[in-house]
>>> print(open('target_10.cif').read())   # mmCIF, C-alpha atoms
data_input
#
loop_
_atom_site.label_atom_id
_atom_site.label_comp_id
_atom_site.auth_asym_id
_atom_site.auth_seq_id
_atom_site.Cartn_x
_atom_site.Cartn_y
_atom_site.Cartn_z
CA ASN L 1 127.55 87.29 93.94
CA MET L 2 128.18 87.46 97.69
CA SER L 3 131.86 88.26 97.12
CA GLN L 4 130.96 91.07 94.71
CA LEU L 5 128.35 92.42 97.15
CA ILE L 6 130.92 92.53 99.96
CA THR L 7 133.45 94.25 97.69
CA ASP L 8 130.87 96.85 96.63
CA LEU L 9 129.80 97.46 100.24
CA ILE L 10 133.45 97.94 101.24
CA ASN L 11 133.91 100.39 98.35
CA TYR L 12 130.76 102.25 99.38
CA SER L 13 131.95 102.46 103.00
CA ARG L 14 135.36 103.61 101.84
CA ILE L 15 133.79 106.37 99.76
CA ASN L 16 131.63 107.46 102.68
CA PHE L 17 134.03 107.20 105.58
CA VAL L 18 137.66 107.24 104.44
CA GLY L 19 139.35 110.63 104.51
CA LYS L 20 138.67 112.69 101.42
CA GLU L 21 142.06 113.85 100.19
CA TYR L 22 141.61 116.22 97.25
CA LYS L 23 144.53 116.70 94.84
CA LYS L 24 145.05 118.63 91.64
CA THR L 25 144.62 115.78 89.15
CA ASP L 26 144.73 115.25 85.40
CA LEU L 27 141.61 113.45 84.09
CA ASN L 28 143.58 112.00 81.18
CA PHE L 29 145.94 110.28 83.62
CA LEU L 30 143.06 108.77 85.62
CA LEU L 31 141.32 107.59 82.46
CA LYS L 32 144.47 105.96 81.06
CA LYS L 33 145.01 104.20 84.39
CA THR L 34 141.38 103.03 84.51
CA ILE L 35 141.42 101.75 80.92
CA ASN L 36 144.68 99.93 81.62
CA ASP L 37 143.13 98.32 84.72
CA LEU L 38 140.13 97.21 82.63
CA LYS L 39 142.31 96.03 79.73
CA ASP L 40 141.41 92.33 80.17
CA THR L 41 137.66 93.00 80.17
CA ILE L 42 137.93 95.41 77.24
CA THR L 43 139.95 92.86 75.25
CA GLU L 44 137.65 89.96 76.16
CA LYS L 45 134.57 91.85 74.97
CA LYS L 46 136.46 93.37 71.99
CA ALA L 47 135.23 96.74 73.21
CA SER L 48 136.30 100.03 71.66
CA VAL L 49 137.02 102.80 74.16
CA THR L 50 137.70 106.23 72.66
CA VAL L 51 138.82 109.11 74.85
CA SER L 52 138.35 112.64 73.58
CA ILE L 53 139.26 114.90 76.46
CA ASP L 54 140.22 118.45 75.66
CA SER L 55 143.17 119.87 77.50
CA THR L 56 141.30 120.46 80.71
CA PRO L 57 142.94 122.16 83.62
CA GLN L 58 143.87 119.90 86.48
CA LEU L 59 140.86 119.46 88.72
CA ASN L 60 140.72 119.28 92.49
CA LEU L 61 139.64 115.65 92.88
CA ILE L 62 139.82 112.61 95.11
CA PRO L 63 141.78 110.54 92.58
CA TYR L 64 140.88 107.01 93.73
CA GLN L 65 137.19 107.97 93.78
CA ILE L 66 137.20 109.41 90.25
CA GLN L 67 139.04 106.30 89.08
CA GLN L 68 136.30 104.18 90.73
CA LEU L 69 133.69 106.35 88.96
CA PHE L 70 135.32 105.72 85.56
CA THR L 71 135.70 102.01 86.34
CA ASN L 72 132.01 101.65 87.18
CA LEU L 73 130.78 103.67 84.19
CA ILE L 74 133.02 101.93 81.66
CA SER L 75 132.26 98.49 83.15
CA ASN L 76 128.52 99.17 82.90
CA SER L 77 128.91 100.30 79.30
CA ILE L 78 130.64 97.02 78.51
CA LYS L 79 128.24 94.87 80.54
CA TYR L 80 124.97 96.26 79.17
CA THR L 81 125.63 95.67 75.49
CA LYS L 82 123.39 94.25 72.81
CA LYS L 83 124.02 90.64 71.91
CA ASP L 84 126.50 90.23 69.04
CA ILE L 85 127.32 93.97 69.00
CA VAL L 86 130.82 95.22 69.80
CA PRO L 87 130.66 97.64 72.74
CA GLU L 88 131.65 101.15 71.69
CA ILE L 89 132.35 103.62 74.46
CA LYS L 90 133.26 107.25 73.97
CA ILE L 91 134.45 109.45 76.81
CA GLU L 92 134.51 113.17 76.16
CA THR L 93 134.61 116.43 78.07
CA GLN L 94 133.08 119.78 77.37
CA GLN L 95 132.31 123.00 79.17
CA SER L 96 128.76 123.10 80.52
CA SER L 97 126.37 125.84 79.56
CA VAL L 98 124.74 127.98 82.24
CA ASP L 99 121.32 126.69 81.10
CA GLU L 100 122.46 123.11 81.63
CA ILE L 101 123.70 123.89 85.13
CA VAL L 102 120.43 125.60 86.06
CA GLU L 103 118.50 122.59 84.67
CA ILE L 104 120.38 120.16 86.95
CA HIS L 105 119.98 122.54 89.93
CA GLY L 106 123.65 123.55 90.05
CA ASN L 107 125.07 126.94 90.89
CA PRO L 108 125.16 128.95 87.63
CA GLU L 109 128.03 131.06 89.00
CA ILE L 110 130.34 128.02 89.18
CA LYS L 111 132.02 126.62 86.07
CA TYR L 112 131.58 122.88 85.67
CA ILE L 113 133.33 120.46 83.40
CA LYS L 114 130.97 117.96 81.81
CA ILE L 115 132.28 114.42 81.33
CA ASN L 116 130.16 112.24 79.04
CA VAL L 117 130.48 108.47 78.96
CA ILE L 118 128.53 107.42 75.86
CA ASP L 119 127.84 103.84 74.81
CA ASN L 120 125.94 101.88 72.18
CA GLY L 121 124.41 99.49 74.70
CA ILE L 122 120.91 98.26 75.41
CA GLY L 123 119.76 101.54 76.96
CA PHE L 124 116.68 101.93 79.14
CA GLU L 125 113.41 103.83 79.37
CA LYS L 126 113.61 107.49 80.43
CA GLU L 127 111.43 106.82 83.49
CA TYR L 128 114.34 104.92 85.11
CA SER L 129 116.96 107.66 84.68
CA ASP L 130 116.81 108.66 88.37
CA ARG L 131 115.98 105.28 89.90
CA ILE L 132 119.11 103.57 88.55
CA PHE L 133 121.19 105.52 91.11
CA GLN L 134 119.26 104.10 94.09
CA PRO L 135 120.99 101.41 96.19
CA PHE L 136 120.26 97.85 95.05
CA TYR L 137 117.95 99.01 92.25
CA ARG L 138 118.26 96.78 89.21
CA LEU L 139 116.55 97.11 85.84
CA HIS L 140 117.31 93.49 84.92
CA ASN L 141 117.29 90.26 86.84
CA LYS L 142 120.55 88.59 87.84
CA ASN L 143 120.12 85.88 85.20
CA GLU L 144 120.42 88.50 82.45
CA TYR L 145 123.20 90.69 83.86
CA SER L 146 125.41 90.19 86.90
CA GLY L 147 125.71 92.80 89.62
CA ASN L 148 123.97 93.88 92.78
CA GLY L 149 122.70 97.39 92.05
CA LEU L 150 125.39 99.35 93.89
CA GLY L 151 127.64 100.46 91.01
CA LEU L 152 125.71 103.58 90.05
CA THR L 153 124.96 104.32 93.70
CA LEU L 154 128.73 104.50 94.23
CA VAL L 155 129.07 106.74 91.18
CA LYS L 156 126.42 109.14 92.44
CA LYS L 157 128.05 109.31 95.89
CA ILE L 158 131.46 110.02 94.32
CA VAL L 159 129.96 112.82 92.23
CA ALA L 160 128.28 114.25 95.36
CA ASN L 161 131.62 114.10 97.22
CA HIS L 162 132.97 116.38 94.48
CA SER L 163 130.01 118.82 94.75
CA GLY L 164 128.88 117.69 91.32
CA PHE L 165 125.89 116.22 89.56
CA ILE L 166 125.18 113.22 87.35
CA LYS L 167 122.51 112.75 84.72
CA ALA L 168 121.61 109.65 82.70
CA SER L 169 120.12 109.95 79.22
CA SER L 170 119.01 106.84 77.40
CA ALA L 171 116.44 105.08 75.28
CA PRO L 172 115.88 101.36 74.72
CA ASN L 173 118.29 99.94 72.12
CA ALA L 174 119.82 103.41 71.61
CA GLY L 175 122.64 103.38 74.15
CA THR L 176 123.21 105.53 77.20
CA THR L 177 125.00 108.78 77.98
CA MET L 178 126.11 109.36 81.55
CA SER L 179 126.92 113.04 82.05
CA VAL L 180 129.01 113.92 85.10
CA TYR L 181 129.32 117.59 86.09
CA ILE L 182 132.25 118.50 88.34
CA PRO L 183 133.20 122.04 89.44
CA MET L 184 136.37 123.33 87.80
#
>>> encode(input="target_10.cif", output="structure tokens")
Amino acid sequence: NMSQLITDLINYSRINFVGKEYKKTDLNFLLKKTINDLKDTITEKKASVTVSIDSTPQLNLIPYQIQQLFTNLISNSIKYTKKDIVPEIKIETQQSSVDEIVEIHGNPEIKYIKINVIDNGIGFEKEYSDRIFQPFYRLHNKNEYSGNGLGLTLVKKIVANHSGFIKASSAPNAGTTMSVYIPM
């Protein structure tokens, strides 16, 4: 636990303080790289990861941060699964509607790409959909699920570094959808 905490704190510091080098980047490439890096975990849990990304234009991103974002979201989807259920994760993109952008307090004059990471996991009550992004906030005790409560904090910071937004939608035993909005 202490080793993981130190690693997560280093990652958080890196995201906050290391130079932010934006590059035109292909999301498909970053996702393939992330899934390859998580191959052992995916195989061990017999997880199914389906990627359905339309041909999106290359986005101006900080590649290592977006890869960290995908790593954290996919890892959480695998970790928070129902007992004896194969984790199923779907990653898809779509254009956001103006109404959606207004609802999340974004600028309706900017086009955003919406990246959904959808799973069939344990889910959670709607009342926690904002709290889960707070540092060290955990919905479950460490005996049930490992971790230290920094994974989604890192994700939220990465999204903020890209002038984007993140929204969690879930219900107990009905899985979770993490929607990431990044300017195009």
>>> resolve_selection(input="target_10.cif", expression="the PyMOL selection byres ((chain L and resi 80) around 10)", output="list of chain:residue names")
L:Ser75, L:Asn76, L:Ser77, L:Ile78, L:Lys79, L:Thr81, L:Lys82, L:Lys83, L:Pro87, L:Asp119, L:Asn120, L:Gly121, L:Ile122, L:Gly123, L:His140, L:Glu144, L:Tyr145, L:Ser146, L:Gly175, L:Thr176
>>> closest_residue(input="target_10.cif", among="L:Ala171, L:Ile53, L:Ile182, L:Val155", to="Ser129 (chain L)", atoms="all atoms listed in the file")
L:Ala171
>>> residues_around(input="target_10.cif", residues="Ile91 (chain L)", least_positions_apart="3", cutoff="9 Å", atoms="all atoms listed in the file", output="PyMOL selection string")
chain L and resi 49-53+115-119
>>> closest_residue(input="target_10.cif", among="L:Ser179, L:Gln67, L:Thr7, L:Ser170", to="Leu30 (chain L)", atoms="only C-alpha atoms")
L:Gln67
>>> residues_around(input="target_10.cif", residues="Phe165 (chain L)", least_positions_apart="5", cutoff="6 Å", atoms="only C-alpha atoms", output="PDB file with C-alpha atoms, in the frame of the given file")
ATOM      1  CA  VAL L 159     129.960 112.820  92.230  1.00  0.00           C
ATOM      2  CA  VAL L 180     129.010 113.920  85.100  1.00  0.00           C
ATOM      3  CA  TYR L 181     129.320 117.590  86.090  1.00  0.00           C
TER       4      TYR L 181
END
>>> closest_residue(input="target_10.cif", among="L:Glu125, L:Asp130, L:Glu103, L:Glu109", to="Met184 (chain L)", atoms="only C-alpha atoms")
L:Glu109
>>> atom_distance(input="target_10.cif", atom1="CA of Lys46 (chain L)", atom2="CA of Val86 (chain L)")
6.3 Å
>>> atom_distance(input="target_10.cif", atom1="CA of Ile101 (chain L)", atom2="CA of Gln134 (chain L)")
22.2 Å
>>> resolve_selection(input="target_10.cif", expression="the PyMOL selection byres ((chain L and resi 66) around 12)", output="NGL selection string")
:L and (15 or 20-23 or 25-31 or 33-34 or 59-65 or 67-73 or 115 or 154-162 or 164 or 180 or 182)
